[in-house]
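Shown next: final28.cif, given as mmCIF, N, CA and C atoms.
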```cif
data_protein
loop_
_atom_site.label_atom_id
_atom_site.label_comp_id
_atom_site.auth_asym_id
_atom_site.auth_seq_id
_atom_site.Cartn_x
_atom_site.Cartn_y
_atom_site.Cartn_z
N MET A 1 13.72 -3.88 -11.17
CA MET A 1 14.50 -5.01 -11.55
C MET A 1 15.69 -4.50 -12.36
N SER A 2 16.86 -5.00 -12.06
CA SER A 2 18.03 -4.57 -12.78
C SER A 2 18.69 -5.76 -13.44
N VAL A 3 19.34 -5.50 -14.54
CA VAL A 3 20.03 -6.54 -15.29
C VAL A 3 21.50 -6.19 -15.30
N VAL A 4 22.32 -7.14 -14.92
CA VAL A 4 23.76 -6.95 -14.88
C VAL A 4 24.38 -7.96 -15.83
N VAL A 5 25.20 -7.46 -16.71
CA VAL A 5 25.91 -8.35 -17.63
C VAL A 5 27.37 -8.35 -17.23
N LYS A 6 27.91 -9.55 -16.97
CA LYS A 6 29.30 -9.68 -16.55
C LYS A 6 30.07 -10.42 -17.63
N LYS A 7 31.31 -10.04 -17.76
CA LYS A 7 32.18 -10.74 -18.71
C LYS A 7 33.29 -11.40 -17.92
N ASP A 8 33.30 -12.71 -17.99
CA ASP A 8 34.37 -13.46 -17.34
C ASP A 8 35.63 -13.38 -18.20
N GLU A 9 36.71 -13.83 -17.62
CA GLU A 9 37.96 -13.80 -18.37
C GLU A 9 37.95 -14.79 -19.52
N SER A 10 37.05 -15.77 -19.47
CA SER A 10 36.97 -16.73 -20.57
C SER A 10 36.21 -16.17 -21.76
N GLY A 11 35.63 -14.98 -21.63
CA GLY A 11 34.90 -14.37 -22.73
C GLY A 11 33.44 -14.76 -22.78
N VAL A 12 32.94 -15.45 -21.77
CA VAL A 12 31.54 -15.86 -21.73
C VAL A 12 30.76 -14.84 -20.92
N TYR A 13 29.63 -14.41 -21.48
CA TYR A 13 28.79 -13.45 -20.79
C TYR A 13 27.80 -14.19 -19.91
N GLN A 14 27.59 -13.65 -18.72
CA GLN A 14 26.62 -14.21 -17.79
C GLN A 14 25.61 -13.12 -17.44
N ARG A 15 24.35 -13.41 -17.61
CA ARG A 15 23.30 -12.45 -17.32
C ARG A 15 22.73 -12.74 -15.93
N VAL A 16 22.74 -11.74 -15.06
CA VAL A 16 22.24 -11.89 -13.71
C VAL A 16 21.09 -10.90 -13.54
N VAL A 17 19.92 -11.39 -13.16
CA VAL A 17 18.75 -10.55 -12.97
C VAL A 17 18.43 -10.54 -11.48
N LEU A 18 18.36 -9.35 -10.89
CA LEU A 18 18.08 -9.21 -9.48
C LEU A 18 16.68 -8.65 -9.28
N LYS A 19 15.93 -9.25 -8.39
CA LYS A 19 14.62 -8.71 -8.05
C LYS A 19 14.80 -7.59 -7.03
N ASN A 20 13.75 -6.82 -6.84
CA ASN A 20 13.80 -5.74 -5.87
C ASN A 20 14.02 -6.34 -4.48
N ALA A 21 15.07 -5.90 -3.82
CA ALA A 21 15.42 -6.46 -2.53
C ALA A 21 14.86 -5.65 -1.36
N ALA A 22 13.98 -4.70 -1.62
CA ALA A 22 13.43 -3.89 -0.54
C ALA A 22 12.54 -4.75 0.34
N PRO A 23 12.71 -4.70 1.65
CA PRO A 23 11.91 -5.55 2.53
C PRO A 23 10.46 -5.08 2.66
N HIS A 24 10.22 -3.79 2.52
CA HIS A 24 8.88 -3.24 2.69
C HIS A 24 8.44 -2.48 1.45
N HIS A 25 7.12 -2.34 1.34
CA HIS A 25 6.53 -1.43 0.36
C HIS A 25 5.65 -0.46 1.14
N TYR A 26 5.57 0.75 0.65
CA TYR A 26 4.76 1.79 1.27
C TYR A 26 3.61 2.11 0.33
N VAL A 27 2.40 2.18 0.90
CA VAL A 27 1.19 2.37 0.11
C VAL A 27 0.45 3.59 0.65
N ASN A 28 0.17 4.53 -0.22
CA ASN A 28 -0.60 5.71 0.14
C ASN A 28 -2.04 5.46 -0.33
N VAL A 29 -2.98 5.37 0.60
CA VAL A 29 -4.37 5.04 0.26
C VAL A 29 -5.32 6.10 0.80
N CYS A 30 -6.49 6.14 0.21
CA CYS A 30 -7.55 7.05 0.63
C CYS A 30 -8.86 6.27 0.61
N LEU A 31 -9.65 6.41 1.65
CA LEU A 31 -10.95 5.75 1.73
C LEU A 31 -12.03 6.75 1.36
N VAL A 32 -12.80 6.41 0.33
CA VAL A 32 -13.90 7.26 -0.12
C VAL A 32 -15.20 6.62 0.34
N LEU A 33 -15.98 7.36 1.13
CA LEU A 33 -17.25 6.86 1.64
C LEU A 33 -18.42 7.57 0.98
N GLU A 34 -19.55 6.89 0.94
CA GLU A 34 -20.76 7.48 0.37
C GLU A 34 -21.19 8.70 1.19
N ASP A 35 -21.15 8.56 2.50
CA ASP A 35 -21.48 9.66 3.40
C ASP A 35 -20.18 10.32 3.85
N GLU A 36 -19.90 11.50 3.34
CA GLU A 36 -18.64 12.18 3.61
C GLU A 36 -18.48 12.61 5.07
N SER A 37 -19.57 12.67 5.82
CA SER A 37 -19.49 13.13 7.20
C SER A 37 -19.06 12.02 8.17
N THR A 38 -18.96 10.80 7.72
CA THR A 38 -18.56 9.69 8.57
C THR A 38 -17.10 9.83 8.96
N LYS A 39 -16.82 9.72 10.25
CA LYS A 39 -15.46 9.83 10.76
C LYS A 39 -14.98 8.46 11.21
N LEU A 40 -13.73 8.17 10.91
CA LEU A 40 -13.08 6.94 11.35
C LEU A 40 -11.82 7.32 12.12
N SER A 41 -11.61 6.68 13.24
CA SER A 41 -10.34 6.88 13.95
C SER A 41 -9.29 5.99 13.30
N GLY A 42 -8.05 6.15 13.70
CA GLY A 42 -6.97 5.33 13.16
C GLY A 42 -7.15 3.86 13.47
N VAL A 43 -7.66 3.56 14.65
CA VAL A 43 -7.89 2.17 15.05
C VAL A 43 -9.01 1.55 14.21
N GLU A 44 -10.09 2.29 14.01
CA GLU A 44 -11.19 1.78 13.19
C GLU A 44 -10.75 1.57 11.74
N PHE A 45 -9.89 2.45 11.25
CA PHE A 45 -9.37 2.34 9.90
C PHE A 45 -8.57 1.04 9.74
N LYS A 46 -7.69 0.77 10.69
CA LYS A 46 -6.87 -0.45 10.62
C LYS A 46 -7.74 -1.69 10.77
N LEU A 47 -8.71 -1.66 11.68
CA LEU A 47 -9.60 -2.80 11.85
C LEU A 47 -10.43 -3.07 10.61
N PHE A 48 -10.79 -2.02 9.88
CA PHE A 48 -11.54 -2.18 8.64
C PHE A 48 -10.68 -2.91 7.60
N ILE A 49 -9.40 -2.55 7.52
CA ILE A 49 -8.49 -3.22 6.59
C ILE A 49 -8.28 -4.67 7.00
N VAL A 50 -8.13 -4.91 8.29
CA VAL A 50 -7.96 -6.29 8.79
C VAL A 50 -9.20 -7.12 8.49
N SER A 51 -10.37 -6.53 8.62
CA SER A 51 -11.60 -7.28 8.31
C SER A 51 -11.67 -7.61 6.82
N GLY A 52 -11.16 -6.73 5.96
CA GLY A 52 -11.09 -7.03 4.54
C GLY A 52 -10.13 -8.16 4.24
N LEU A 53 -8.99 -8.16 4.90
CA LEU A 53 -8.04 -9.25 4.75
C LEU A 53 -8.64 -10.57 5.22
N LYS A 54 -9.37 -10.51 6.34
CA LYS A 54 -9.97 -11.72 6.89
C LYS A 54 -11.06 -12.26 5.97
N SER A 55 -11.86 -11.40 5.39
CA SER A 55 -12.95 -11.86 4.53
C SER A 55 -12.42 -12.49 3.24
N LEU A 56 -11.27 -12.01 2.76
CA LEU A 56 -10.73 -12.54 1.51
C LEU A 56 -9.78 -13.71 1.73
N TYR A 57 -8.94 -13.65 2.75
CA TYR A 57 -7.91 -14.66 2.96
C TYR A 57 -8.06 -15.47 4.24
N GLY A 58 -9.10 -15.23 5.02
CA GLY A 58 -9.32 -15.99 6.24
C GLY A 58 -8.46 -15.52 7.39
N GLU A 59 -8.34 -16.36 8.40
CA GLU A 59 -7.59 -16.01 9.61
C GLU A 59 -6.11 -15.80 9.32
N VAL A 60 -5.58 -16.59 8.41
CA VAL A 60 -4.16 -16.44 8.07
C VAL A 60 -3.92 -15.10 7.39
N GLY A 61 -4.82 -14.70 6.51
CA GLY A 61 -4.68 -13.40 5.85
C GLY A 61 -4.83 -12.24 6.80
N ALA A 62 -5.68 -12.41 7.81
CA ALA A 62 -5.88 -11.34 8.79
C ALA A 62 -4.63 -11.12 9.64
N ALA A 63 -3.75 -12.10 9.66
CA ALA A 63 -2.52 -11.99 10.44
C ALA A 63 -1.38 -11.35 9.65
N LEU A 64 -1.66 -10.87 8.44
CA LEU A 64 -0.65 -10.21 7.62
C LEU A 64 -0.15 -8.96 8.34
N PRO A 65 1.14 -8.88 8.61
CA PRO A 65 1.63 -7.70 9.34
C PRO A 65 1.75 -6.48 8.43
N PHE A 66 1.07 -5.41 8.82
CA PHE A 66 1.19 -4.12 8.16
C PHE A 66 1.03 -3.04 9.21
N ASP A 67 1.56 -1.87 8.90
CA ASP A 67 1.53 -0.76 9.84
C ASP A 67 0.87 0.44 9.19
N VAL A 68 0.12 1.17 9.99
CA VAL A 68 -0.41 2.46 9.56
C VAL A 68 0.56 3.50 10.10
N LEU A 69 1.40 4.02 9.22
CA LEU A 69 2.43 4.97 9.65
C LEU A 69 1.86 6.35 9.90
N LYS A 70 0.90 6.75 9.08
CA LYS A 70 0.31 8.09 9.20
C LYS A 70 -1.14 8.00 8.77
N TYR A 71 -2.01 8.63 9.53
CA TYR A 71 -3.44 8.60 9.20
C TYR A 71 -4.01 10.00 9.37
N ASP A 72 -4.70 10.49 8.35
CA ASP A 72 -5.37 11.78 8.39
C ASP A 72 -6.86 11.52 8.50
N GLU A 73 -7.42 11.83 9.68
CA GLU A 73 -8.83 11.53 9.96
C GLU A 73 -9.79 12.35 9.10
N ASP A 74 -9.42 13.58 8.77
CA ASP A 74 -10.30 14.43 7.97
C ASP A 74 -10.41 13.95 6.52
N LYS A 75 -9.28 13.58 5.94
CA LYS A 75 -9.27 13.12 4.55
C LYS A 75 -9.46 11.61 4.42
N ARG A 76 -9.39 10.91 5.54
CA ARG A 76 -9.44 9.43 5.58
C ARG A 76 -8.37 8.84 4.66
N SER A 77 -7.18 9.40 4.73
CA SER A 77 -6.06 8.88 3.95
C SER A 77 -4.98 8.38 4.90
N ALA A 78 -4.24 7.39 4.43
CA ALA A 78 -3.24 6.78 5.30
C ALA A 78 -2.02 6.35 4.49
N LEU A 79 -0.92 6.25 5.20
CA LEU A 79 0.30 5.71 4.64
C LEU A 79 0.55 4.38 5.33
N LEU A 80 0.54 3.31 4.56
CA LEU A 80 0.68 1.96 5.09
C LEU A 80 2.05 1.40 4.74
N ARG A 81 2.61 0.59 5.63
CA ARG A 81 3.85 -0.13 5.37
C ARG A 81 3.56 -1.62 5.48
N VAL A 82 3.94 -2.37 4.46
CA VAL A 82 3.68 -3.80 4.43
C VAL A 82 4.93 -4.49 3.91
N TYR A 83 5.15 -5.73 4.36
CA TYR A 83 6.25 -6.50 3.81
C TYR A 83 6.00 -6.72 2.32
N SER A 84 7.04 -6.72 1.54
CA SER A 84 6.91 -6.83 0.09
C SER A 84 6.17 -8.09 -0.33
N ARG A 85 6.37 -9.17 0.41
CA ARG A 85 5.69 -10.42 0.04
C ARG A 85 4.18 -10.36 0.31
N GLY A 86 3.71 -9.41 1.09
CA GLY A 86 2.29 -9.29 1.40
C GLY A 86 1.58 -8.16 0.67
N LEU A 87 2.30 -7.47 -0.22
CA LEU A 87 1.73 -6.32 -0.91
C LEU A 87 0.52 -6.70 -1.76
N VAL A 88 0.59 -7.79 -2.48
CA VAL A 88 -0.51 -8.19 -3.36
C VAL A 88 -1.74 -8.56 -2.54
N LYS A 89 -1.55 -9.23 -1.42
CA LYS A 89 -2.69 -9.59 -0.57
C LYS A 89 -3.37 -8.34 -0.01
N LEU A 90 -2.56 -7.40 0.46
CA LEU A 90 -3.13 -6.18 1.02
C LEU A 90 -3.86 -5.38 -0.06
N TRP A 91 -3.24 -5.22 -1.20
CA TRP A 91 -3.82 -4.43 -2.28
C TRP A 91 -5.11 -5.06 -2.78
N SER A 92 -5.14 -6.37 -2.95
CA SER A 92 -6.35 -7.03 -3.44
C SER A 92 -7.48 -6.94 -2.42
N SER A 93 -7.18 -7.05 -1.14
CA SER A 93 -8.24 -6.94 -0.14
C SER A 93 -8.78 -5.51 -0.07
N LEU A 94 -7.92 -4.51 -0.25
CA LEU A 94 -8.39 -3.13 -0.28
C LEU A 94 -9.30 -2.89 -1.48
N THR A 95 -8.94 -3.48 -2.60
CA THR A 95 -9.73 -3.30 -3.83
C THR A 95 -11.12 -3.90 -3.69
N LEU A 96 -11.23 -5.01 -2.98
CA LEU A 96 -12.51 -5.71 -2.90
C LEU A 96 -13.41 -5.25 -1.76
N LEU A 97 -12.91 -4.36 -0.89
CA LEU A 97 -13.78 -3.82 0.16
C LEU A 97 -14.77 -2.85 -0.48
N GLY A 98 -16.07 -3.07 -0.23
CA GLY A 98 -17.07 -2.25 -0.89
C GLY A 98 -18.09 -1.61 0.00
N SER A 99 -18.12 -1.98 1.28
CA SER A 99 -19.10 -1.35 2.17
C SER A 99 -18.53 -1.22 3.58
N TYR A 100 -18.87 -0.09 4.20
CA TYR A 100 -18.49 0.17 5.58
C TYR A 100 -19.74 0.62 6.31
N GLN A 101 -20.16 -0.15 7.30
CA GLN A 101 -21.36 0.13 8.08
C GLN A 101 -22.56 0.42 7.18
N ASN A 102 -22.81 -0.48 6.25
CA ASN A 102 -23.95 -0.43 5.33
C ASN A 102 -23.97 0.79 4.41
N GLN A 103 -22.82 1.33 4.11
CA GLN A 103 -22.73 2.40 3.11
C GLN A 103 -21.59 2.07 2.14
N ALA A 104 -21.78 2.45 0.90
CA ALA A 104 -20.80 2.14 -0.14
C ALA A 104 -19.49 2.87 0.13
N CYS A 105 -18.40 2.18 -0.16
CA CYS A 105 -17.08 2.77 0.02
C CYS A 105 -16.12 2.18 -1.01
N ALA A 106 -14.99 2.83 -1.14
CA ALA A 106 -13.94 2.34 -2.04
C ALA A 106 -12.60 2.87 -1.56
N PHE A 107 -11.60 2.02 -1.61
CA PHE A 107 -10.23 2.45 -1.33
C PHE A 107 -9.60 2.89 -2.63
N ARG A 108 -8.94 4.01 -2.60
CA ARG A 108 -8.18 4.50 -3.73
C ARG A 108 -6.70 4.35 -3.38
N VAL A 109 -5.98 3.57 -4.14
CA VAL A 109 -4.54 3.44 -3.95
C VAL A 109 -3.89 4.56 -4.75
N LEU A 110 -3.32 5.52 -4.04
CA LEU A 110 -2.78 6.71 -4.69
C LEU A 110 -1.35 6.52 -5.16
N GLN A 111 -0.52 5.91 -4.31
CA GLN A 111 0.88 5.70 -4.64
C GLN A 111 1.39 4.45 -3.96
N VAL A 112 2.31 3.77 -4.63
CA VAL A 112 2.98 2.60 -4.06
C VAL A 112 4.45 2.71 -4.40
N SER A 113 5.30 2.46 -3.42
CA SER A 113 6.74 2.52 -3.67
C SER A 113 7.48 1.68 -2.63
N PRO A 114 8.61 1.10 -3.03
CA PRO A 114 9.44 0.42 -2.03
C PRO A 114 10.27 1.40 -1.21
N TYR A 115 10.23 2.68 -1.57
CA TYR A 115 11.01 3.69 -0.88
C TYR A 115 10.08 4.75 -0.29
N LEU A 116 10.19 4.98 0.99
CA LEU A 116 9.34 5.95 1.67
C LEU A 116 9.58 7.36 1.14
N LEU A 117 10.80 7.67 0.82
CA LEU A 117 11.13 9.01 0.34
C LEU A 117 10.42 9.34 -0.96
N ALA A 118 10.14 8.33 -1.76
CA ALA A 118 9.46 8.57 -3.04
C ALA A 118 8.03 9.05 -2.85
N LEU A 119 7.44 8.82 -1.70
CA LEU A 119 6.06 9.23 -1.45
C LEU A 119 5.95 10.62 -0.84
N THR A 120 7.07 11.29 -0.61
CA THR A 120 7.01 12.60 0.03
C THR A 120 6.47 13.66 -0.91
N GLY A 121 6.72 13.54 -2.19
CA GLY A 121 6.23 14.52 -3.15
C GLY A 121 5.24 13.89 -4.10
N ASN A 122 4.16 14.62 -4.38
CA ASN A 122 3.16 14.13 -5.31
C ASN A 122 2.84 15.26 -6.27
N SER A 123 3.17 15.09 -7.52
CA SER A 123 2.96 16.15 -8.50
C SER A 123 1.48 16.41 -8.75
N ARG A 124 0.62 15.47 -8.40
CA ARG A 124 -0.82 15.68 -8.57
C ARG A 124 -1.37 16.71 -7.58
N GLU A 125 -0.68 16.89 -6.48
CA GLU A 125 -1.17 17.81 -5.45
C GLU A 125 -0.48 19.17 -5.50
N LEU A 126 0.38 19.38 -6.49
CA LEU A 126 1.05 20.67 -6.60
C LEU A 126 0.06 21.76 -6.96
N GLN A 127 0.21 22.90 -6.32
CA GLN A 127 -0.62 24.05 -6.65
C GLN A 127 0.30 25.16 -7.12
N LEU A 128 0.23 25.43 -8.40
CA LEU A 128 1.08 26.45 -8.98
C LEU A 128 0.40 27.80 -8.88
N ASP A 129 1.19 28.82 -8.60
CA ASP A 129 0.66 30.18 -8.50
C ASP A 129 0.68 30.88 -9.83
#
```
This entry written out as structure tokens:
Amino acid sequence: MSVVVKKDESGVYQRVVLKNAAPHHYVNVCLVLEDESTKLSGVEFKLFIVSGLKSLYGEVGAALPFDVLKYDEDKRSALLRVYSRGLVKLWSSLTLLGSYQNQACAFRVLQVSPYLLALTGNSRELQLD
């Protein structure tokens, strides 16, 4: 959010507050399962998220448009793109998902940004020599 202060010629200050105008938000998530040997394909991963949206928000929530831009099957981590207006719905449904095929699970939201470039580097994963 940015604040712009303008001075008109009459000497009156006008404060203008702009909200983030980014159309999308990018979410880096990781699925942690009780049984580490369980494998999920990209399609199963997306269907699991859609089922979480449906259980929390019904049929309308399940229709929330989001994309899985990148999915790593070994780490069960993904990069999701969602419209900014649907970020809270997606995030809350991910938080409340607790079981996958009768085993405990949890989504870890690692990073969120309105800019894809901001997710390219993660200081937590740096390995210094």
Could you list, with a cut-off of 10 Å and counting only C-alpha atoms, the residues of stretch 83-121 of chain A near stretch 59-64 of chain A, each shown with its nearest atom pair and the distance in Å rounded to one decimal, rows sorted by chain and ascending number, as a tab-separated table?
```
residue	atom	partner	partner_atom	distance
A:Tyr83	CA	A:Leu64	CA	8.7
A:Arg85	CA	A:Leu64	CA	9.9
A:Gly86	CA	A:Leu64	CA	6.9
A:Leu87	CA	A:Leu64	CA	9.7
A:Lys89	CA	A:Gly61	CA	7.7
A:Leu90	CA	A:Leu64	CA	8.1
A:Ser93	CA	A:Gly61	CA	9.5
```
List every residue of chain A that DSSP, applied to the backbone of this structure, assigns to strand (DSSP E), and report them as a PyMOL selection string. chain A and resi 2-7+13-18+24-33+66-72+77-83+99-100+103-113
Please list as a VMD selection string every residue within 12 Å of stretch 34-40 of chain A, counting only C-alpha atoms and excluding residues in the same chain fewer than 3 positions away. chain A and resid 31 43 to 48 71 to 78 98 to 107
Report, in Å to a single decimal, how far apart atom N of A:Gly52 and atom CA of A:Tyr26 are.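 Computing it gives 18.7 Å between the two atoms.
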Could you please determine the separation between atom N of A:Gly58 and atom C of A:Tyr115 in Å, to one decimal place?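 It comes out at 28.2 Å.
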Centre, x/y/z edge lengths, axis-aligned box for stretch 63-81 of chain A with 8 Å per side, as AutoDock Vina command-line options:
```
--center_x -3.3 --center_y 1.2 --center_z 7.2 --size_x 30.3 --size_y 42.5 --size_z 22.5
```
Find, counting all atoms listed in the file, the residue in A:Leu56, A:Leu80, A:Ala118, A:Leu96 that gets nearest to A:Val27.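 So, comparing all the options, the nearest one is A:Leu80.
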